[in-house]
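Below: one structure, written as structure tokens.
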Amino acid sequence: MYVISGVTGHTGKVAAETLLSRGERVRVVVREAAKGAAFAARGAEVAVADLGDAEALARAFAGAKGAYVLLPPNLTAPDVFGWQAGLLTAFRAAAEAVALPHLVFLSSIGASQPSGTGPIVGVHRGEQALRGMSRTRATFLRPGYFHENVAASLGTLAEGKLVTFFPPDFPLQSAATRDIGALAATLLREGPTEDGAVVELGSPVTWNEIADAIGRITGQRPALVALPATEQAATLRGLGVPPPAAALFQEMTTGFMDGRIAWEAGRRHVASQTSIEETLRGLLSRSQAQA
């Protein structure tokens, strides 16, 4: 039995579906039973628990060989890192309470750095919080920048342009969310190795390559507009992103470009399986369907 959180999002959904397709028993963790109905129809158990509720989470973890957990996005939290710390405390307490053998935690490229990485600081603290458990071994899955993050820039395609805060030829290490979920399922099935094992996932892609792929898909390559990273926070604030979150995103972009956010030498590394073009085809198809 494997326990999967985040099934109403992208990576958790893929992890659960992958395990079910391989004949594994799965228990999904959701905040409301109705959100697990699709998985129940496929034979999964449904556990209702808030990720910050250690006792409910321990009940969800009970009897499992491993669990996949993540820190859901919460841009509106007054103190994002403080809110995440509460979840991490619950993850650790729940795993230890039932002697869960293996916990796979969704981390990120750059998580080895304690600062200067924007929102990635949260998963750095997550790795620190989940190391050294007495009854549970943790594996940290560190993907690159999500392919799907490109969706935030697709709104200007109607104007014939594509806006980014990265230099056009900067090799941004990136991975599709479906590859992340599939690798999470693989790591659970492999079982724990040494505590604190790190597995990286991703391959380089440039924004010029993204524009080229859009051109092949739509028949018209957009003009690539590369804005200075120093303008990102102000731009995001103008789009309604809370100022603290906007500042973190700018710091992350800068962290990629100055090399602070990078792969760590000597770690197990898995290349992306899904191309940026394949991801873009899905994003653009959904965008057209919603238009």
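Residues are named by chain letter and number: chains run A, B, ... in the order of the structure tokens, numbers start at 1 in each chain, and ligands are numbered from 1 in the order shown.
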Which neighbours of range 96-104 of chain A fall inside 6 Å, counting only C-alpha atoms, when residues of the same chain fewer than 5 positions from it are skipped, and could you give them as a short mmCIF file (atom, residue, chain, number, x, y, z; two decimals) with C-alpha atoms, in the first residue's frame?
```
data_model
loop_
_atom_site.label_atom_id
_atom_site.label_comp_id
_atom_site.auth_asym_id
_atom_site.auth_seq_id
_atom_site.Cartn_x
_atom_site.Cartn_y
_atom_site.Cartn_z
CA ALA A 62 -0.82 3.50 8.87
CA LYS A 65 5.07 0.88 2.66
CA GLY A 66 5.65 4.47 1.62
CA ALA A 67 4.05 7.86 1.11
CA TYR A 68 4.46 10.81 -1.25
CA ARG A 135 11.74 5.18 12.11
CA THR A 136 11.39 6.58 8.58
CA ARG A 137 13.80 7.08 5.71
CA ALA A 138 13.23 10.06 3.44
CA THR A 139 13.94 10.41 -0.27
CA PHE A 140 14.02 13.90 -1.77
CA PRO A 192 14.04 3.47 0.72
#
```
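Contact shell of Lys161 in chain A at 10 Å (only C-alpha atoms; same-chain neighbours under 5 positions omitted): Ser153, Leu154, Gly155, Thr156, Ala211, Arg221, Pro222, Ala223, Leu224 and Val225 of chain A.
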Suppose we keep N, CA and C atoms; can you now write the selection as a PDB file, in the first residue's frame?
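Contents of selection-v1.pdb, freshly written:
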```pdb
ATOM      1  N   SER A 153       3.014  32.548 -19.278  1.00  0.00           N
ATOM      2  CA  SER A 153       3.465  33.474 -20.318  1.00  0.00           C
ATOM      3  C   SER A 153       2.669  33.354 -21.611  1.00  0.00           C
ATOM      4  N   LEU A 154       1.723  32.440 -21.661  1.00  0.00           N
ATOM      5  CA  LEU A 154       1.017  32.197 -22.921  1.00  0.00           C
ATOM      6  C   LEU A 154      -0.094  33.202 -23.203  1.00  0.00           C
ATOM      7  N   GLY A 155      -0.451  34.020 -22.210  1.00  0.00           N
ATOM      8  CA  GLY A 155      -1.540  34.970 -22.403  1.00  0.00           C
ATOM      9  C   GLY A 155      -1.255  36.041 -23.434  1.00  0.00           C
ATOM     10  N   THR A 156       0.029  36.279 -23.714  1.00  0.00           N
ATOM     11  CA  THR A 156       0.377  37.323 -24.693  1.00  0.00           C
ATOM     12  C   THR A 156       0.529  36.779 -26.105  1.00  0.00           C
ATOM     13  N   ALA A 211       9.828  29.162 -27.828  1.00  0.00           N
ATOM     14  CA  ALA A 211       9.199  29.938 -28.910  1.00  0.00           C
ATOM     15  C   ALA A 211       9.177  29.143 -30.208  1.00  0.00           C
ATOM     16  N   ARG A 221       5.627  31.580 -35.064  1.00  0.00           N
ATOM     17  CA  ARG A 221       6.539  31.717 -33.937  1.00  0.00           C
ATOM     18  C   ARG A 221       6.337  33.089 -33.312  1.00  0.00           C
ATOM     19  N   PRO A 222       6.084  33.146 -32.001  1.00  0.00           N
ATOM     20  CA  PRO A 222       5.896  34.449 -31.361  1.00  0.00           C
ATOM     21  C   PRO A 222       7.221  35.193 -31.231  1.00  0.00           C
ATOM     22  N   ALA A 223       7.140  36.503 -31.175  1.00  0.00           N
ATOM     23  CA  ALA A 223       8.325  37.312 -30.908  1.00  0.00           C
ATOM     24  C   ALA A 223       8.657  37.157 -29.433  1.00  0.00           C
ATOM     25  N   LEU A 224       9.895  36.803 -29.150  1.00  0.00           N
ATOM     26  CA  LEU A 224      10.302  36.579 -27.774  1.00  0.00           C
ATOM     27  C   LEU A 224      10.737  37.901 -27.150  1.00  0.00           C
ATOM     28  N   VAL A 225      10.090  38.264 -26.057  1.00  0.00           N
ATOM     29  CA  VAL A 225      10.388  39.503 -25.340  1.00  0.00           C
ATOM     30  C   VAL A 225      11.012  39.129 -23.999  1.00  0.00           C
TER      31      VAL A 225
END
```
Nearest residue to Arg22 in chain A from the set A:Thr186, A:Thr230, A:Ser285, A:Ser203 (distances using only C-alpha atoms): A:Thr186
Sorted by chain and rising residue number, which residues of range 132-249 of chain A lie within 10 Å of range 72-78 of chain A, and what are their closest atom pairs and distances in Å to one decimal, counting only C-alpha atoms, as CSV?
```
residue,atom,partner,partner_atom,distance
A:Val241,CA,A:Leu75,CA,7.8
A:Pro242,CA,A:Thr76,CA,6.8
A:Pro243,CA,A:Leu75,CA,9.6
A:Pro244,CA,A:Leu75,CA,8.4
A:Ala245,CA,A:Leu75,CA,6.0
A:Ala246,CA,A:Leu75,CA,9.1
```
In range 141-243 of chain A, DSSP helix (DSSP H, G or I) residues written as a PyMOL selection string: chain A and resi 147-159+177-190+207-218+229-238+243
Same residues, C-alpha atoms, saved as a PDB file, in the first residue's frame:
```pdb
ATOM      1  CA  HIS A 147       7.492  22.826 -17.914  1.00  0.00           C
ATOM      2  CA  GLU A 148       3.948  23.878 -17.035  1.00  0.00           C
ATOM      3  CA  ASN A 149       5.145  27.178 -15.566  1.00  0.00           C
ATOM      4  CA  VAL A 150       5.361  28.386 -19.160  1.00  0.00           C
ATOM      5  CA  ALA A 151       1.553  28.643 -19.096  1.00  0.00           C
ATOM      6  CA  ALA A 152       1.851  31.939 -17.230  1.00  0.00           C
ATOM      7  CA  SER A 153       3.465  33.474 -20.318  1.00  0.00           C
ATOM      8  CA  LEU A 154       1.017  32.197 -22.921  1.00  0.00           C
ATOM      9  CA  GLY A 155      -1.540  34.970 -22.403  1.00  0.00           C
ATOM     10  CA  THR A 156       0.377  37.323 -24.693  1.00  0.00           C
ATOM     11  CA  LEU A 157       0.422  34.921 -27.655  1.00  0.00           C
ATOM     12  CA  ALA A 158      -2.675  36.627 -29.047  1.00  0.00           C
ATOM     13  CA  GLU A 159      -0.456  39.698 -29.432  1.00  0.00           C
ATOM     14  CA  THR A 177       4.830  17.442 -13.921  1.00  0.00           C
ATOM     15  CA  ARG A 178       3.790  14.092 -15.343  1.00  0.00           C
ATOM     16  CA  ASP A 179       7.432  12.969 -15.309  1.00  0.00           C
ATOM     17  CA  ILE A 180       7.694  14.119 -11.684  1.00  0.00           C
ATOM     18  CA  GLY A 181       4.648  12.088 -10.655  1.00  0.00           C
ATOM     19  CA  ALA A 182       5.839   9.036 -12.556  1.00  0.00           C
ATOM     20  CA  LEU A 183       9.279   9.226 -10.930  1.00  0.00           C
ATOM     21  CA  ALA A 184       7.678   9.611  -7.493  1.00  0.00           C
ATOM     22  CA  ALA A 185       5.792   6.362  -8.130  1.00  0.00           C
ATOM     23  CA  THR A 186       9.008   4.664  -9.232  1.00  0.00           C
ATOM     24  CA  LEU A 187      10.858   5.810  -6.109  1.00  0.00           C
ATOM     25  CA  LEU A 188       8.090   4.495  -3.878  1.00  0.00           C
ATOM     26  CA  ARG A 189       8.195   1.106  -5.580  1.00  0.00           C
ATOM     27  CA  GLU A 190      11.990   1.003  -5.328  1.00  0.00           C
ATOM     28  CA  TRP A 207      13.080  30.174 -24.161  1.00  0.00           C
ATOM     29  CA  ASN A 208      14.154  30.335 -27.781  1.00  0.00           C
ATOM     30  CA  GLU A 209      13.381  26.609 -27.971  1.00  0.00           C
ATOM     31  CA  ILE A 210      10.023  27.261 -26.322  1.00  0.00           C
ATOM     32  CA  ALA A 211       9.199  29.938 -28.910  1.00  0.00           C
ATOM     33  CA  ASP A 212      10.312  27.587 -31.702  1.00  0.00           C
ATOM     34  CA  ALA A 213       8.051  24.839 -30.356  1.00  0.00           C
ATOM     35  CA  ILE A 214       5.080  27.220 -30.221  1.00  0.00           C
ATOM     36  CA  GLY A 215       5.821  28.148 -33.821  1.00  0.00           C
ATOM     37  CA  ARG A 216       5.711  24.498 -34.892  1.00  0.00           C
ATOM     38  CA  ILE A 217       2.444  23.956 -33.022  1.00  0.00           C
ATOM     39  CA  THR A 218       0.589  27.098 -34.086  1.00  0.00           C
ATOM     40  CA  ALA A 229      14.665  39.901 -14.097  1.00  0.00           C
ATOM     41  CA  THR A 230      14.732  43.046 -11.962  1.00  0.00           C
ATOM     42  CA  GLU A 231      11.289  43.927 -13.350  1.00  0.00           C
ATOM     43  CA  GLN A 232       9.653  40.615 -12.492  1.00  0.00           C
ATOM     44  CA  ALA A 233       8.390  41.428  -8.997  1.00  0.00           C
ATOM     45  CA  ALA A 234       6.777  44.697 -10.096  1.00  0.00           C
ATOM     46  CA  THR A 235       5.199  42.995 -13.107  1.00  0.00           C
ATOM     47  CA  LEU A 236       3.771  40.190 -10.987  1.00  0.00           C
ATOM     48  CA  ARG A 237       2.411  42.647  -8.437  1.00  0.00           C
ATOM     49  CA  GLY A 238       0.644  44.396 -11.294  1.00  0.00           C
ATOM     50  CA  PRO A 243       4.134  41.373  -2.978  1.00  0.00           C
TER      51      PRO A 243
END
```
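Closest to Gly63 in chain A among A:Arg27, A:Asp50, A:Gly144, A:Leu248 is A:Arg27, based on only C-alpha atoms.
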Residues of range 56-223 of chain A in strand (DSSP E or B), written as a ChimeraX atom specification: /A:66-69,102-106,137-143,145-146,161-164,172-175,197-201,203-205,223
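The smallest atom-to-atom distance between Ala64 in chain A and any of A:Val26, A:Met257, A:Ala85, A:Ala41, using only C-alpha atoms, is found for A:Val26.
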Leu88 in chain A surroundings by only C-alpha atoms, 9 Å radius, close-in-sequence under 6 positions cut, as a ChimeraX atom specification: /A:51-52,71,125-126,129-130
Please save C-alpha atoms of the selected residues as an mmCIF file, in the first residue's frame.
```
data_model
loop_
_atom_site.group_PDB
_atom_site.id
_atom_site.type_symbol
_atom_site.label_atom_id
_atom_site.label_comp_id
_atom_site.auth_asym_id
_atom_site.auth_seq_id
_atom_site.Cartn_x
_atom_site.Cartn_y
_atom_site.Cartn_z
ATOM 1 C CA LEU A 51 -1.917 17.785 5.597
ATOM 2 C CA GLY A 52 -1.286 19.844 8.710
ATOM 3 C CA LEU A 71 3.999 21.405 0.116
ATOM 4 C CA ARG A 125 13.855 23.652 5.053
ATOM 5 C CA GLY A 126 11.640 20.681 4.262
ATOM 6 C CA ALA A 129 13.064 18.894 8.737
ATOM 7 C CA LEU A 130 12.599 15.403 7.308
#
```
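Using only C-alpha atoms for every distance, the candidate list A:Val69, A:Ile261, A:Ile276, A:Ile109 yields A:Val69 as the residue closest to Thr11 in chain A.
Among the candidate residues A:Val270, A:Arg31, A:Thr18, A:Lys13, the one lying nearest to Val199 in chain A is A:Val270, with distances computed using only C-alpha atoms.
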Surrounding residues of Pro228 in chain A excluding itself and chain neighbours under 4 positions, 10 Å, only C-alpha atoms, as a PyMOL selection string: chain A and resi 164-167+232+254
Could you write out that same residue set with C-alpha atoms as a short mmCIF file (atom, residue, chain, number, x, y, z; two decimals), in the first residue's frame?
```cif
data_model
loop_
_atom_site.label_atom_id
_atom_site.label_comp_id
_atom_site.auth_asym_id
_atom_site.auth_seq_id
_atom_site.Cartn_x
_atom_site.Cartn_y
_atom_site.Cartn_z
CA THR A 164 9.95 35.91 -20.19
CA PHE A 165 12.33 37.12 -17.50
CA PHE A 166 15.06 34.70 -18.57
CA PRO A 167 17.62 35.40 -21.33
CA GLN A 232 9.65 40.61 -12.49
CA THR A 254 17.87 35.51 -10.36
#
```
